[in-house]
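Novice: Here it is, the structure in full.
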Amino acid sequence: MATDFTEETAADAVIESFAKTPDPRLRELLDSLVRHLHAFVKDTEPTIAEWEQAIEFLTATGQKCDDERQEFILLSDVLGVSMLVETINNRTGGATESTVLGPFHVVKSPRRELGETIDFVGTGTPCVVRGRVLSADGTPLPGAELDVWQANEQGFYDVQQPDVQPRANGRGLFTAGADGAFWFRTIVPIFYPIPTDGPVGTLLNATKRHPYRPAHIHFIVTASGHRALTTHIFVAGSEYLESDAVFAVKKSLIKDFIGVDDPAQAAEFGLTGPFSLATFDIVLDPAVPS
Ligand SMILES: [Fe+2]
């Protein structure tokens with residue numbers, strides 16, 4: 001270990017201290033983290049007060065987290081890091097595009113039968129979401145599991161309103177049928193703000209950024225022998241498609257929610273009035289054999 005820590009030798013001294021790390025990947029991550037973090041500090045030359053403020057911000061971010069609030073995911077999201085990690089890890093072509101998990105996948109979705117509703121309030125615009133889960137070569141994937149979750153028509157998730165919404169409102173775990181098909185009933189989601197009552201809200205406020213996300217429904221889709229897919233569908237025409245606070249929109253994931261005013265078609269889905277119909281075919285990547 002070198003003595004006389006200087007601006008010039010600082011990064012190398014710290015990197016050298018990790019030289020005996022047995023796990024090569026951990027060593028690689030730490031080396032790069034130290035190099036970039038030191039470069040950031042040398043570039044910006046924070047005052048002691050600014051550095052203390054940074055520590056306080058991160059401390060507050062951790063303190064805001066609990067079983068149903070994940071402020072660090074939110075911070076990663078608004079900095080674009082969640083999307084960058086997702087994008088790097090899903091470069092293979094052909095499959096449905098992925099997007100961020102988001103901070104609200106915090107409770108296990110209850111298992112529901114195909115066609116069941118995930119809306120237990122009944123005040124939004126009725127909606128049917130249907131599609132098929134397929135492998136990259138077009139083979140249907142019966143038994144694929146679809147975990148879906150969304151906000152209510154006022155833009156809140158169940159976990160944000162435990163005293164207002166029924167438990168697990170807006171959530172369901174479905175199993176695709178024999179031909180890979182799935183469908184469920186819900187309501188058309190609306191755009192909503194990410195939570196702004198914590199440090200991430202303070203950050204957005206200080207930088208004059210809005211907190212809104214365009215209307216969307218979350219999916220995690222899994223099937224045996226395939227890579228799991230974390231994604232959303234976005235409602236075509238929603239506000240904020242061009243300026244999602246967490247940078248998660250991909251054009252291929254924007255879907256038309258088509259208005260249907262046909263009693264016969266409504267009856268097919270167990271509905272009685274006008275509704276919106278969204279179709280989302282999902283293609284999964286076959287897993288690379290290990
Ligand atoms: Fe969301």
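Residue numbers start at 1 in each chain; chains themselves are named A, B, ... in the order of the structure tokens; ligands are numbered from 1 in the order shown.
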Counting only C-alpha atoms and all ligand atoms, give me one row per residue of chain A with an atom at most 10 Å from an atom of ligand 1, showing the shortest contact pair and its distance in Å to one decimal, sorted by chain then residue number, as a tab-separated table.

Specialist:
residue	atom	partner	partner_atom_place_in_ligand_line	distance
A:Val100	CA	ligand 1	1 (Fe)	9.0
A:Leu101	CA	ligand 1	1 (Fe)	8.2
A:Gly102	CA	ligand 1	1 (Fe)	6.2
A:Pro103	CA	ligand 1	1 (Fe)	7.7
A:Phe104	CA	ligand 1	1 (Fe)	6.8
A:His105	CA	ligand 1	1 (Fe)	8.8
A:Trp149	CA	ligand 1	1 (Fe)	7.7
A:Gln150	CA	ligand 1	1 (Fe)	6.0
A:Ala151	CA	ligand 1	1 (Fe)	6.6
A:Gly155	CA	ligand 1	1 (Fe)	8.8
A:Phe156	CA	ligand 1	1 (Fe)	8.9
A:Tyr157	CA	ligand 1	1 (Fe)	8.0
A:Pro189	CA	ligand 1	1 (Fe)	9.5
A:Ile190	CA	ligand 1	1 (Fe)	9.9
A:Phe191	CA	ligand 1	1 (Fe)	8.9
A:Tyr192	CA	ligand 1	1 (Fe)	8.1
A:Pro193	CA	ligand 1	1 (Fe)	9.4
A:Ile194	CA	ligand 1	1 (Fe)	8.3
A:Arg213	CA	ligand 1	1 (Fe)	7.5
A:Pro214	CA	ligand 1	1 (Fe)	8.7
A:Ala215	CA	ligand 1	1 (Fe)	7.9
A:His216	CA	ligand 1	1 (Fe)	6.4
A:Ile217	CA	ligand 1	1 (Fe)	6.7
A:His218	CA	ligand 1	1 (Fe)	6.3
A:Phe219	CA	ligand 1	1 (Fe)	10.0
A:His232	CA	ligand 1	1 (Fe)	8.2
A:Phe234	CA	ligand 1	1 (Fe)	10.0

Novice: Hey, what's within 9 Å of Gly180 in chain A if we count only C-alpha atoms and toss same-chain stuff fewer than 4 positions away? As a VMD selection string, please?

Specialist: chain A and resid 131 to 134 139 to 144 175 to 176

Novice: Please dump the current selection as an mmCIF file, in the first residue's frame; keep all heavy atoms.

Specialist:
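Once everything was written out, this is part_39.cif:
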data_model
loop_
_atom_site.group_PDB
_atom_site.id
_atom_site.type_symbol
_atom_site.label_atom_id
_atom_site.label_comp_id
_atom_site.auth_asym_id
_atom_site.auth_seq_id
_atom_site.Cartn_x
_atom_site.Cartn_y
_atom_site.Cartn_z
ATOM 1 N N GLY A 131 -53.576 -11.867 -25.813
ATOM 2 C CA GLY A 131 -52.433 -12.092 -26.690
ATOM 3 C C GLY A 131 -51.988 -13.528 -26.594
ATOM 4 O O GLY A 131 -52.693 -14.393 -26.055
ATOM 5 N N ARG A 132 -50.813 -13.788 -27.157
ATOM 6 C CA ARG A 132 -50.238 -15.133 -27.099
ATOM 7 C C ARG A 132 -48.789 -15.010 -26.673
ATOM 8 O O ARG A 132 -48.125 -14.020 -26.973
ATOM 9 C CB ARG A 132 -50.305 -15.814 -28.462
ATOM 10 C CG ARG A 132 -51.725 -16.066 -28.939
ATOM 11 C CD ARG A 132 -51.696 -16.648 -30.338
ATOM 12 N NE ARG A 132 -51.321 -18.056 -30.332
ATOM 13 C CZ ARG A 132 -50.863 -18.717 -31.392
ATOM 14 N NH1 ARG A 132 -50.681 -18.078 -32.532
ATOM 15 N NH2 ARG A 132 -50.566 -19.998 -31.322
ATOM 16 N N VAL A 133 -48.303 -16.030 -25.997
ATOM 17 C CA VAL A 133 -46.893 -16.104 -25.647
ATOM 18 C C VAL A 133 -46.250 -17.135 -26.563
ATOM 19 O O VAL A 133 -46.706 -18.283 -26.652
ATOM 20 C CB VAL A 133 -46.695 -16.506 -24.167
ATOM 21 C CG1 VAL A 133 -45.210 -16.448 -23.813
ATOM 22 C CG2 VAL A 133 -47.507 -15.609 -23.246
ATOM 23 N N LEU A 134 -45.225 -16.684 -27.275
ATOM 24 C CA LEU A 134 -44.601 -17.508 -28.315
ATOM 25 C C LEU A 134 -43.093 -17.559 -28.112
ATOM 26 O O LEU A 134 -42.487 -16.628 -27.568
ATOM 27 C CB LEU A 134 -44.870 -16.899 -29.700
ATOM 28 C CG LEU A 134 -46.342 -16.613 -30.039
ATOM 29 C CD1 LEU A 134 -46.424 -15.717 -31.269
ATOM 30 C CD2 LEU A 134 -47.088 -17.918 -30.278
ATOM 31 N N THR A 139 -43.326 -20.877 -32.065
ATOM 32 C CA THR A 139 -43.973 -21.972 -31.328
ATOM 33 C C THR A 139 -44.713 -21.417 -30.111
ATOM 34 O O THR A 139 -44.117 -20.680 -29.314
ATOM 35 C CB THR A 139 -42.910 -22.972 -30.823
ATOM 36 O OG1 THR A 139 -42.095 -23.351 -31.917
ATOM 37 C CG2 THR A 139 -43.563 -24.194 -30.187
ATOM 38 N N PRO A 140 -46.010 -21.748 -29.963
ATOM 39 C CA PRO A 140 -46.724 -21.278 -28.766
ATOM 40 C C PRO A 140 -46.113 -21.856 -27.499
ATOM 41 O O PRO A 140 -45.552 -22.952 -27.520
ATOM 42 C CB PRO A 140 -48.144 -21.825 -28.965
ATOM 43 C CG PRO A 140 -48.240 -22.201 -30.397
ATOM 44 C CD PRO A 140 -46.861 -22.550 -30.852
ATOM 45 N N LEU A 141 -46.228 -21.113 -26.420
ATOM 46 C CA LEU A 141 -45.658 -21.549 -25.139
ATOM 47 C C LEU A 141 -46.770 -21.733 -24.106
ATOM 48 O O LEU A 141 -46.980 -20.885 -23.235
ATOM 49 C CB LEU A 141 -44.619 -20.537 -24.654
ATOM 50 C CG LEU A 141 -43.370 -20.410 -25.535
ATOM 51 C CD1 LEU A 141 -42.473 -19.280 -25.045
ATOM 52 C CD2 LEU A 141 -42.598 -21.733 -25.565
ATOM 53 N N PRO A 142 -47.515 -22.845 -24.209
ATOM 54 C CA PRO A 142 -48.537 -23.112 -23.196
ATOM 55 C C PRO A 142 -47.888 -23.242 -21.829
ATOM 56 O O PRO A 142 -46.762 -23.733 -21.722
ATOM 57 C CB PRO A 142 -49.145 -24.447 -23.651
ATOM 58 C CG PRO A 142 -48.136 -25.063 -24.550
ATOM 59 C CD PRO A 142 -47.378 -23.933 -25.181
ATOM 60 N N GLY A 143 -48.578 -22.781 -20.811
ATOM 61 C CA GLY A 143 -48.030 -22.866 -19.453
ATOM 62 C C GLY A 143 -47.138 -21.691 -19.095
ATOM 63 O O GLY A 143 -46.664 -21.601 -17.961
ATOM 64 N N ALA A 144 -46.880 -20.789 -20.050
ATOM 65 C CA ALA A 144 -46.111 -19.576 -19.715
ATOM 66 C C ALA A 144 -46.856 -18.821 -18.616
ATOM 67 O O ALA A 144 -48.093 -18.792 -18.590
ATOM 68 C CB ALA A 144 -45.962 -18.694 -20.950
ATOM 69 N N THR A 175 -51.730 -18.034 -16.206
ATOM 70 C CA THR A 175 -51.010 -19.081 -16.935
ATOM 71 C C THR A 175 -51.590 -19.170 -18.334
ATOM 72 O O THR A 175 -52.816 -19.332 -18.500
ATOM 73 C CB THR A 175 -51.155 -20.442 -16.223
ATOM 74 O OG1 THR A 175 -50.703 -20.296 -14.879
ATOM 75 C CG2 THR A 175 -50.341 -21.516 -16.926
ATOM 76 N N ALA A 176 -50.730 -19.073 -19.351
ATOM 77 C CA ALA A 176 -51.194 -19.127 -20.742
ATOM 78 C C ALA A 176 -51.806 -20.495 -21.032
ATOM 79 O O ALA A 176 -51.366 -21.515 -20.495
ATOM 80 C CB ALA A 176 -50.035 -18.839 -21.685
#

Novice: May I have all residues of range 154-230 of chain A that DSSP, computed from the backbone, assigns to helix (DSSP H, G or I), given as a ChimeraX atom specification?

Specialist: /A:158-160,199-206

Novice: Please indicate the distance in Å from CA of Phe184 in chain A to CA of Gly170 in chain A, rounded to one decimal place.

Specialist: 11.1 Å

Novice: Grab the CA of Ile233 in chain A to CA of Val200 in chain A distance for me, in Å with one decimal place.

Specialist: 24.5 Å

Novice: Between A:Val128, A:Ala278, A:Val260, A:Ala206, single out the one closest to Ala236 in chain A, counting only C-alpha atoms.

Specialist: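 Of the candidates, the smallest distance to Ala236 in chain A is held by A:Ala278.
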
Novice: If you run DSSP on this backbone, which residues of range 35-282 of chain A come out as strand (DSSP E or B), and could you give them as a PyMOL selection string?

Specialist: chain A and resi 66+69+111+117+126-135+140+145-149+171-175+181-187+192-193+212-213+216-222+226+229-235+254-255+258-260+275-279+282

Novice: With only C-alpha atoms as the atoms that count, which of A:Asp179, A:Asp285, A:Asp244, A:Glu71 lies nearest to Ala223 in chain A?

Specialist: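 Using only C-alpha atoms, Ala223 in chain A sits closest to A:Asp285.
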
Novice: Identify which of the residues A:Ala10, A:Leu30, A:Val78, A:Val106 lies closest to Ser243 in chain A, counting only C-alpha atoms when measuring atom-to-atom distances.

Specialist: A:Val78

Novice: If I take CA of Arg112 in chain A and CA of Asp158 in chain A, how far is one from the other in Å, to one decimal?

Specialist: 16.9 Å

Novice: If you count only C-alpha atoms, which residues fall within 10 Å of range 35-39 of chain A, apart from same-chain ones fewer than 5 positions away, as a list in words?

Specialist: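 Counting only the stated atoms, we get Glu7, Ala10, Ala11, Asp12, Val14, Ile15, Leu29, Leu30, Thr44 and Glu45 of chain A.
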
Novice: Which residue gives the smallest distance to Leu79 in chain A among A:Ile187, A:Trp51, A:Leu204, A:Ala60, with only C-alpha atoms counted?

Specialist: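 When distances to Leu79 in chain A are compared using only C-alpha atoms, the smallest one comes from A:Leu204.
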
Novice: Fewer than 5 positions away in the same chain doesn't count, so skip those; otherwise give me all residues within 12 Å of Pro199 in chain A, counting only C-alpha atoms, as a PDB file with all heavy atoms, in the first residue's frame.

Specialist:
ATOM      1  N   GLN A  53     -23.830  16.698   1.763  1.00  0.00           N
ATOM      2  CA  GLN A  53     -25.198  16.741   1.231  1.00  0.00           C
ATOM      3  C   GLN A  53     -25.486  15.480   0.406  1.00  0.00           C
ATOM      4  O   GLN A  53     -26.578  14.914   0.452  1.00  0.00           O
ATOM      5  CB  GLN A  53     -25.383  17.997   0.379  1.00  0.00           C
ATOM      6  CG  GLN A  53     -26.835  18.295   0.059  1.00  0.00           C
ATOM      7  CD  GLN A  53     -26.997  19.575  -0.776  1.00  0.00           C
ATOM      8  OE1 GLN A  53     -26.033  20.282  -1.058  1.00  0.00           O
ATOM      9  NE2 GLN A  53     -28.219  19.852  -1.159  1.00  0.00           N
ATOM     10  N   ALA A  54     -24.483  15.050  -0.370  1.00  0.00           N
ATOM     11  CA  ALA A  54     -24.636  13.831  -1.173  1.00  0.00           C
ATOM     12  C   ALA A  54     -24.858  12.618  -0.263  1.00  0.00           C
ATOM     13  O   ALA A  54     -25.727  11.778  -0.523  1.00  0.00           O
ATOM     14  CB  ALA A  54     -23.398  13.624  -2.046  1.00  0.00           C
ATOM     15  N   ILE A  55     -24.070  12.538   0.806  1.00  0.00           N
ATOM     16  CA  ILE A  55     -24.231  11.421   1.751  1.00  0.00           C
ATOM     17  C   ILE A  55     -25.614  11.481   2.394  1.00  0.00           C
ATOM     18  O   ILE A  55     -26.301  10.460   2.538  1.00  0.00           O
ATOM     19  CB  ILE A  55     -23.136  11.483   2.853  1.00  0.00           C
ATOM     20  CG1 ILE A  55     -21.732  11.383   2.244  1.00  0.00           C
ATOM     21  CG2 ILE A  55     -23.371  10.416   3.923  1.00  0.00           C
ATOM     22  CD1 ILE A  55     -21.335  10.051   1.705  1.00  0.00           C
ATOM     23  N   GLU A  56     -26.037  12.674   2.762  1.00  0.00           N
ATOM     24  CA  GLU A  56     -27.366  12.827   3.378  1.00  0.00           C
ATOM     25  C   GLU A  56     -28.468  12.414   2.395  1.00  0.00           C
ATOM     26  O   GLU A  56     -29.456  11.788   2.779  1.00  0.00           O
ATOM     27  CB  GLU A  56     -27.585  14.280   3.822  1.00  0.00           C
ATOM     28  CG  GLU A  56     -26.903  14.608   5.140  1.00  0.00           C
ATOM     29  CD  GLU A  56     -26.855  16.110   5.409  1.00  0.00           C
ATOM     30  OE1 GLU A  56     -27.611  16.865   4.764  1.00  0.00           O
ATOM     31  OE2 GLU A  56     -26.031  16.524   6.259  1.00  0.00           O
ATOM     32  N   PHE A  57     -28.284  12.749   1.124  1.00  0.00           N
ATOM     33  CA  PHE A  57     -29.284  12.382   0.117  1.00  0.00           C
ATOM     34  C   PHE A  57     -29.401  10.860   0.010  1.00  0.00           C
ATOM     35  O   PHE A  57     -30.505  10.304   0.004  1.00  0.00           O
ATOM     36  CB  PHE A  57     -28.899  12.996  -1.238  1.00  0.00           C
ATOM     37  CG  PHE A  57     -29.834  12.606  -2.350  1.00  0.00           C
ATOM     38  CD1 PHE A  57     -31.030  13.286  -2.538  1.00  0.00           C
ATOM     39  CD2 PHE A  57     -29.528  11.558  -3.207  1.00  0.00           C
ATOM     40  CE1 PHE A  57     -31.902  12.929  -3.557  1.00  0.00           C
ATOM     41  CE2 PHE A  57     -30.390  11.196  -4.225  1.00  0.00           C
ATOM     42  CZ  PHE A  57     -31.575  11.879  -4.398  1.00  0.00           C
ATOM     43  N   LEU A  58     -28.256  10.189  -0.066  1.00  0.00           N
ATOM     44  CA  LEU A  58     -28.288   8.732  -0.185  1.00  0.00           C
ATOM     45  C   LEU A  58     -28.811   8.094   1.101  1.00  0.00           C
ATOM     46  O   LEU A  58     -29.531   7.090   1.056  1.00  0.00           O
ATOM     47  CB  LEU A  58     -26.893   8.193  -0.526  1.00  0.00           C
ATOM     48  CG  LEU A  58     -26.410   8.562  -1.935  1.00  0.00           C
ATOM     49  CD1 LEU A  58     -24.971   8.113  -2.143  1.00  0.00           C
ATOM     50  CD2 LEU A  58     -27.314   7.953  -3.012  1.00  0.00           C
ATOM     51  N   THR A  59     -28.456   8.673   2.244  1.00  0.00           N
ATOM     52  CA  THR A  59     -28.978   8.174   3.519  1.00  0.00           C
ATOM     53  C   THR A  59     -30.503   8.289   3.538  1.00  0.00           C
ATOM     54  O   THR A  59     -31.211   7.331   3.878  1.00  0.00           O
ATOM     55  CB  THR A  59     -28.379   8.974   4.690  1.00  0.00           C
ATOM     56  OG1 THR A  59     -26.960   8.885   4.633  1.00  0.00           O
ATOM     57  CG2 THR A  59     -28.867   8.433   6.036  1.00  0.00           C
ATOM     58  N   ALA A  60     -31.007   9.437   3.124  1.00  0.00           N
ATOM     59  CA  ALA A  60     -32.463   9.644   3.097  1.00  0.00           C
ATOM     60  C   ALA A  60     -33.134   8.692   2.105  1.00  0.00           C
ATOM     61  O   ALA A  60     -34.253   8.212   2.344  1.00  0.00           O
ATOM     62  CB  ALA A  60     -32.778  11.097   2.734  1.00  0.00           C
ATOM     63  N   THR A  61     -32.441   8.401   0.997  1.00  0.00           N
ATOM     64  CA  THR A  61     -32.997   7.473   0.012  1.00  0.00           C
ATOM     65  C   THR A  61     -33.171   6.091   0.650  1.00  0.00           C
ATOM     66  O   THR A  61     -34.216   5.451   0.500  1.00  0.00           O
ATOM     67  CB  THR A  61     -32.073   7.395  -1.218  1.00  0.00           C
ATOM     68  OG1 THR A  61     -31.965   8.700  -1.787  1.00  0.00           O
ATOM     69  CG2 THR A  61     -32.616   6.435  -2.266  1.00  0.00           C
ATOM     70  N   GLY A  62     -32.157   5.637   1.374  1.00  0.00           N
ATOM     71  CA  GLY A  62     -32.267   4.348   2.057  1.00  0.00           C
ATOM     72  C   GLY A  62     -33.335   4.372   3.137  1.00  0.00           C
ATOM     73  O   GLY A  62     -34.116   3.427   3.269  1.00  0.00           O
ATOM     74  N   GLN A  63     -33.380   5.466   3.876  1.00  0.00           N
ATOM     75  CA  GLN A  63     -34.353   5.541   4.978  1.00  0.00           C
ATOM     76  C   GLN A  63     -35.794   5.595   4.471  1.00  0.00           C
ATOM     77  O   GLN A  63     -36.719   5.250   5.201  1.00  0.00           O
ATOM     78  CB  GLN A  63     -34.048   6.763   5.858  1.00  0.00           C
ATOM     79  CG  GLN A  63     -32.791   6.539   6.707  1.00  0.00           C
ATOM     80  CD  GLN A  63     -32.314   7.788   7.416  1.00  0.00           C
ATOM     81  OE1 GLN A  63     -32.635   8.902   6.998  1.00  0.00           O
ATOM     82  NE2 GLN A  63     -31.520   7.610   8.456  1.00  0.00           N
ATOM     83  N   LYS A  64     -35.968   5.991   3.218  1.00  0.00           N
ATOM     84  CA  LYS A  64     -37.327   6.055   2.657  1.00  0.00           C
ATOM     85  C   LYS A  64     -37.828   4.664   2.243  1.00  0.00           C
ATOM     86  O   LYS A  64     -39.019   4.475   1.985  1.00  0.00           O
ATOM     87  CB  LYS A  64     -37.325   7.005   1.444  1.00  0.00           C
ATOM     88  CG  LYS A  64     -38.692   7.437   0.976  1.00  0.00           C
ATOM     89  CD  LYS A  64     -39.350   8.395   1.937  1.00  0.00           C
ATOM     90  CE  LYS A  64     -40.764   8.735   1.504  1.00  0.00           C
ATOM     91  NZ  LYS A  64     -41.513   9.471   2.544  1.00  0.00           N
ATOM     92  N   CYS A  65     -36.911   3.705   2.158  1.00  0.00           N
ATOM     93  CA  CYS A  65     -37.283   2.361   1.702  1.00  0.00           C
ATOM     94  C   CYS A  65     -37.927   1.565   2.830  1.00  0.00           C
ATOM     95  O   CYS A  65     -37.514   1.648   3.982  1.00  0.00           O
ATOM     96  CB  CYS A  65     -36.052   1.592   1.221  1.00  0.00           C
ATOM     97  SG  CYS A  65     -35.279   2.296  -0.241  1.00  0.00           S
ATOM     98  N   GLN A  70     -39.632   1.501  -2.584  1.00  0.00           N
ATOM     99  CA  GLN A  70     -38.250   1.241  -2.970  1.00  0.00           C
ATOM    100  C   GLN A  70     -37.662   2.495  -3.615  1.00  0.00           C
ATOM    101  O   GLN A  70     -37.670   2.647  -4.833  1.00  0.00           O
ATOM    102  CB  GLN A  70     -38.178   0.035  -3.917  1.00  0.00           C
ATOM    103  CG  GLN A  70     -37.194  -1.034  -3.491  1.00  0.00           C
ATOM    104  CD  GLN A  70     -35.788  -0.507  -3.191  1.00  0.00           C
ATOM    105  OE1 GLN A  70     -35.395   0.605  -3.531  1.00  0.00           O
ATOM    106  NE2 GLN A  70     -34.998  -1.341  -2.535  1.00  0.00           N
ATOM    107  N   GLU A  71     -37.148   3.382  -2.790  1.00  0.00           N
ATOM    108  CA  GLU A  71     -36.651   4.665  -3.281  1.00  0.00           C
ATOM    109  C   GLU A  71     -35.375   4.489  -4.106  1.00  0.00           C
ATOM    110  O   GLU A  71     -35.109   5.283  -5.008  1.00  0.00           O
ATOM    111  CB  GLU A  71     -36.417   5.602  -2.096  1.00  0.00           C
ATOM    112  CG  GLU A  71     -36.244   7.065  -2.477  1.00  0.00           C
ATOM    113  CD  GLU A  71     -37.560   7.744  -2.868  1.00  0.00           C
ATOM    114  OE1 GLU A  71     -38.616   7.097  -2.855  1.00  0.00           O
ATOM    115  OE2 GLU A  71     -37.518   8.950  -3.179  1.00  0.00           O
ATOM    116  N   PHE A  72     -34.571   3.467  -3.818  1.00  0.00           N
ATOM    117  CA  PHE A  72     -33.341   3.274  -4.604  1.00  0.00           C
ATOM    118  C   PHE A  72     -33.650   2.842  -6.034  1.00  0.00           C
ATOM    119  O   PHE A  72     -32.974   3.264  -6.977  1.00  0.00           O
ATOM    120  CB  PHE A  72     -32.389   2.279  -3.921  1.00  0.00           C
ATOM    121  CG  PHE A  72     -31.385   2.959  -3.044  1.00  0.00           C
ATOM    122  CD1 PHE A  72     -31.421   2.796  -1.673  1.00  0.00           C
ATOM    123  CD2 PHE A  72     -30.398   3.781  -3.590  1.00  0.00           C
ATOM    124  CE1 PHE A  72     -30.499   3.438  -0.852  1.00  0.00           C
ATOM    125  CE2 PHE A  72     -29.480   4.430  -2.779  1.00  0.00           C
ATOM    126  CZ  PHE A  72     -29.528   4.258  -1.401  1.00  0.00           C
ATOM    127  N   LEU A  74     -36.309   3.711  -7.576  1.00  0.00           N
ATOM    128  CA  LEU A  74     -36.809   4.957  -8.166  1.00  0.00           C
ATOM    129  C   LEU A  74     -35.647   5.859  -8.588  1.00  0.00           C
ATOM    130  O   LEU A  74     -35.660   6.454  -9.672  1.00  0.00           O
ATOM    131  CB  LEU A  74     -37.678   5.658  -7.121  1.00  0.00           C
ATOM    132  CG  LEU A  74     -38.809   6.547  -7.587  1.00  0.00           C
ATOM    133  CD1 LEU A  74     -39.733   5.835  -8.552  1.00  0.00           C
ATOM    134  CD2 LEU A  74     -39.605   7.047  -6.382  1.00  0.00           C
ATOM    135  N   LEU A  75     -34.635   5.940  -7.748  1.00  0.00           N
ATOM    136  CA  LEU A  75     -33.459   6.761  -8.075  1.00  0.00           C
ATOM    137  C   LEU A  75     -32.747   6.206  -9.308  1.00  0.00           C
ATOM    138  O   LEU A  75     -32.397   6.951 -10.234  1.00  0.00           O
ATOM    139  CB  LEU A  75     -32.512   6.798  -6.865  1.00  0.00           C
ATOM    140  CG  LEU A  75     -31.247   7.633  -7.027  1.00  0.00           C
ATOM    141  CD1 LEU A  75     -31.575   9.082  -7.357  1.00  0.00           C
ATOM    142  CD2 LEU A  75     -30.397   7.548  -5.759  1.00  0.00           C
ATOM    143  N   VAL A  78     -34.937   7.148 -12.396  1.00  0.00           N
ATOM    144  CA  VAL A  78     -34.940   8.533 -12.902  1.00  0.00           C
ATOM    145  C   VAL A  78     -33.563   8.947 -13.423  1.00  0.00           C
ATOM    146  O   VAL A  78     -33.450   9.932 -14.156  1.00  0.00           O
ATOM    147  CB  VAL A  78     -35.443   9.564 -11.867  1.00  0.00           C
ATOM    148  CG1 VAL A  78     -36.854   9.226 -11.408  1.00  0.00           C
ATOM    149  CG2 VAL A  78     -34.498   9.726 -10.700  1.00  0.00           C
ATOM    150  N   ILE A 194     -44.574   9.313 -10.498  1.00  0.00           N
ATOM    151  CA  ILE A 194     -43.838   8.496  -9.538  1.00  0.00           C
ATOM    152  C   ILE A 194     -43.882   9.220  -8.195  1.00  0.00           C
ATOM    153  O   ILE A 194     -44.117  10.438  -8.154  1.00  0.00           O
ATOM    154  CB  ILE A 194     -42.390   8.241 -10.008  1.00  0.00           C
ATOM    155  CG1 ILE A 194     -41.635   9.556 -10.184  1.00  0.00           C
ATOM    156  CG2 ILE A 194     -42.372   7.425 -11.293  1.00  0.00           C
ATOM    157  CD1 ILE A 194     -40.150   9.367 -10.448  1.00  0.00           C
ATOM    158  N   LEU A 204     -36.098  15.678  -8.544  1.00  0.00           N
ATOM    159  CA  LEU A 204     -36.866  16.117  -9.722  1.00  0.00           C
ATOM    160  C   LEU A 204     -37.241  17.588  -9.591  1.00  0.00           C
ATOM    161  O   LEU A 204     -37.157  18.359 -10.556  1.00  0.00           O
ATOM    162  CB  LEU A 204     -38.124  15.258  -9.883  1.00  0.00           C
ATOM    163  CG  LEU A 204     -37.910  13.777 -10.213  1.00  0.00           C
ATOM    164  CD1 LEU A 204     -39.257  13.083 -10.393  1.00  0.00           C
ATOM    165  CD2 LEU A 204     -37.062  13.593 -11.470  1.00  0.00           C
ATOM    166  N   ASN A 205     -37.631  17.976  -8.401  1.00  0.00           N
ATOM    167  CA  ASN A 205     -38.043  19.358  -8.163  1.00  0.00           C
ATOM    168  C   ASN A 205     -36.877  20.325  -8.395  1.00  0.00           C
ATOM    169  O   ASN A 205     -37.028  21.376  -9.023  1.00  0.00           O
ATOM    170  CB  ASN A 205     -38.573  19.469  -6.731  1.00  0.00           C
ATOM    171  CG  ASN A 205     -39.419  20.698  -6.543  1.00  0.00           C
ATOM    172  OD1 ASN A 205     -40.109  21.125  -7.471  1.00  0.00           O
ATOM    173  ND2 ASN A 205     -39.345  21.293  -5.366  1.00  0.00           N
ATOM    174  N   ALA A 206     -35.718  19.938  -7.891  1.00  0.00           N
ATOM    175  CA  ALA A 206     -34.540  20.818  -8.009  1.00  0.00           C
ATOM    176  C   ALA A 206     -34.076  20.961  -9.451  1.00  0.00           C
ATOM    177  O   ALA A 206     -33.362  21.905  -9.789  1.00  0.00           O
ATOM    178  CB  ALA A 206     -33.399  20.255  -7.157  1.00  0.00           C
TER     179      ALA A 206
END

Novice: Just checking: using only C-alpha atoms, which residue out of A:Pro286, A:Gly273, A:Gly93, A:Gly237 ends up closest to Pro126 in chain A?

Specialist: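 With only C-alpha atoms as the atom set, the closest residue is A:Gly273.
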